Amino acid sequence: MRPGKVGFLALLTGLGIGLSGCGQPPAEPGAIQSGGPGLSQRDVQRQDEITRWANDYCVAVGSLVDNLATMPTVDPSTPRRAVQTSSALLGSMIGGLDRAVAGLRALPAAPLPEGDSVRTDTVTELSGVRVRAAEAKARLDDAGDAPTIDQATLGEARGPLDEVAKLNLLSGLDAVPDLRTAVARAPVCQQLTVRTTE
């Protein structure tokens, strides 16, 4: 599995993964390893700037991973409970998407233009998923008082959950050599990579 891929959702059955600490900043200020043979001081400084930015990017998207790990489960005991708990699950997911997007938007300008392009693309992707999740949640909420609930309504949460399961949160960074190097050096990116591929 590629780093950052959130391929671990158990659809409509809840989640059972512990990802605490994934979105936390490095514990020690000097945790980011910099430099290398043949690099000038200016090269090292630029490398450090890119790594710090990538680390902050991973903190932002890591908040979504943390959220997915703590979403409520769906109670299939009755159709009505399934609808209600599916709505609650989507509401939680929407909150996680909102936090990730807010974190990405709060990042300073990237030290290289490709970083800002990656951030914009990720915000657009997460915002699109959020819109579709909100629409599905609204349909579930509208069905809550209906006398009967059909299978299509019961499956409303599946589409947004499938979308989130297919997200590759680091793919944009992986596509840019300087950012790919930064991901390999940034502590939070490494935590995110390890935890989403276990």
# chains A, B, ... in the order shown; residues from 1 in each chain; ligands from 1

$ select_by_dssp --residues "stretch 7-189 of chain A" --states "helix (DSSP H, G or I)" --output "VMD selection string"
chain A and resid 41 to 69 79 to 106 113 to 143 151 to 154 158 to 165 171 to 174 177 to 185 187 to 189

$ residues_around --residues "A:Ala82" --least-positions-apart "4" --cutoff "12 Å" --atoms "only C-alpha atoms" --output "VMD selection string"
chain A and resid 12 to 14 72 to 78 86 to 89 140 to 141 143 to 144 149 to 151 153 to 157

$ closest_residue --among "A:Arg139, A:Arg99, A:Arg52, A:Arg119" --to "A:Ser171" --atoms "only C-alpha atoms"
A:Arg119

$ closest_residue --among "A:Asp56, A:Asp174, A:Asp66, A:Glu163" --to "A:Arg130" --atoms "only C-alpha atoms"
A:Glu163

$ closest_residue --among "A:Leu90, A:Gln190, A:Leu107, A:Gln45" --to "A:Met71" --atoms "only C-alpha atoms"
A:Leu90

$ closest_residue --among "A:Gln84, A:Ser63, A:Thr70, A:Gln41" --to "A:Leu192" --atoms "only C-alpha atoms"
A:Ser63

$ closest_residue --among "A:Val183, A:Ala165, A:Val176, A:Val188" --to "A:Ala69" --atoms "only C-alpha atoms"
A:Ala165

$ atom_distance --atom1 "atom CA of A:Asp116" --atom2 "atom CA of A:Ala134"
26.6 Å

$ atom_distance --atom1 "atom CA of A:Leu167" --atom2 "atom CA of A:Asp142"
28.0 Å

$ closest_residue --among "A:Pro108, A:Asp98, A:Arg158, A:Val118" --to "A:Val131" --atoms "only C-alpha atoms"
A:Asp98

$ residues_around --residues "A:Gly115" --least-positions-apart "5" --cutoff "10 Å" --atoms "only C-alpha atoms" --output "VMD selection string"
chain A and resid 50 53 to 54 57 109 to 110 120 to 121 172 to 173 176 178 to 179

$ write_last_selection --atoms "N, CA and C atoms" --output "PDB file, in the first residue's frame"
ATOM      1  N   ILE A  50      11.502  23.075   3.872  1.00  0.00           N
ATOM      2  CA  ILE A  50      10.557  22.188   3.172  1.00  0.00           C
ATOM      3  C   ILE A  50      10.085  21.074   4.106  1.00  0.00           C
ATOM      4  N   TRP A  53       7.551  22.389   6.602  1.00  0.00           N
ATOM      5  CA  TRP A  53       6.254  22.602   5.962  1.00  0.00           C
ATOM      6  C   TRP A  53       5.552  21.260   5.729  1.00  0.00           C
ATOM      7  N   ALA A  54       6.288  20.273   5.237  1.00  0.00           N
ATOM      8  CA  ALA A  54       5.698  18.950   5.009  1.00  0.00           C
ATOM      9  C   ALA A  54       5.206  18.351   6.318  1.00  0.00           C
ATOM     10  N   TYR A  57       1.983  19.939   7.122  1.00  0.00           N
ATOM     11  CA  TYR A  57       0.972  19.392   6.213  1.00  0.00           C
ATOM     12  C   TYR A  57       0.476  18.050   6.769  1.00  0.00           C
ATOM     13  N   ALA A 109       2.603  29.799   3.384  1.00  0.00           N
ATOM     14  CA  ALA A 109       2.990  29.496   2.007  1.00  0.00           C
ATOM     15  C   ALA A 109       4.114  28.472   2.017  1.00  0.00           C
ATOM     16  N   ALA A 110       4.052  27.530   1.089  1.00  0.00           N
ATOM     17  CA  ALA A 110       5.085  26.490   1.014  1.00  0.00           C
ATOM     18  C   ALA A 110       6.393  27.088   0.502  1.00  0.00           C
ATOM     19  N   THR A 120      -3.637  22.902  -2.320  1.00  0.00           N
ATOM     20  CA  THR A 120      -4.886  23.296  -2.976  1.00  0.00           C
ATOM     21  C   THR A 120      -5.639  22.079  -3.489  1.00  0.00           C
ATOM     22  N   ASP A 121      -4.926  21.141  -4.109  1.00  0.00           N
ATOM     23  CA  ASP A 121      -5.569  19.930  -4.635  1.00  0.00           C
ATOM     24  C   ASP A 121      -6.175  19.100  -3.508  1.00  0.00           C
ATOM     25  N   GLY A 172       0.162  13.574  -3.278  1.00  0.00           N
ATOM     26  CA  GLY A 172       0.644  14.799  -3.885  1.00  0.00           C
ATOM     27  C   GLY A 172       2.073  15.115  -3.491  1.00  0.00           C
ATOM     28  N   LEU A 173       2.414  14.860  -2.236  1.00  0.00           N
ATOM     29  CA  LEU A 173       3.787  15.092  -1.773  1.00  0.00           C
ATOM     30  C   LEU A 173       4.736  14.095  -2.426  1.00  0.00           C
ATOM     31  N   VAL A 176       6.398  14.979  -5.887  1.00  0.00           N
ATOM     32  CA  VAL A 176       7.390  16.064  -6.018  1.00  0.00           C
ATOM     33  C   VAL A 176       8.668  15.622  -5.295  1.00  0.00           C
ATOM     34  N   ASP A 178      11.424  16.928  -4.015  1.00  0.00           N
ATOM     35  CA  ASP A 178      11.821  17.621  -2.780  1.00  0.00           C
ATOM     36  C   ASP A 178      10.845  17.345  -1.646  1.00  0.00           C
ATOM     37  N   LEU A 179       9.559  17.265  -1.975  1.00  0.00           N
ATOM     38  CA  LEU A 179       8.562  16.984  -0.946  1.00  0.00           C
ATOM     39  C   LEU A 179       8.601  15.519  -0.526  1.00  0.00           C
TER      40      LEU A 179
END

$ atom_distance --atom1 "atom CA of A:Ala133" --atom2 "atom CA of A:Pro160"
5.2 Å
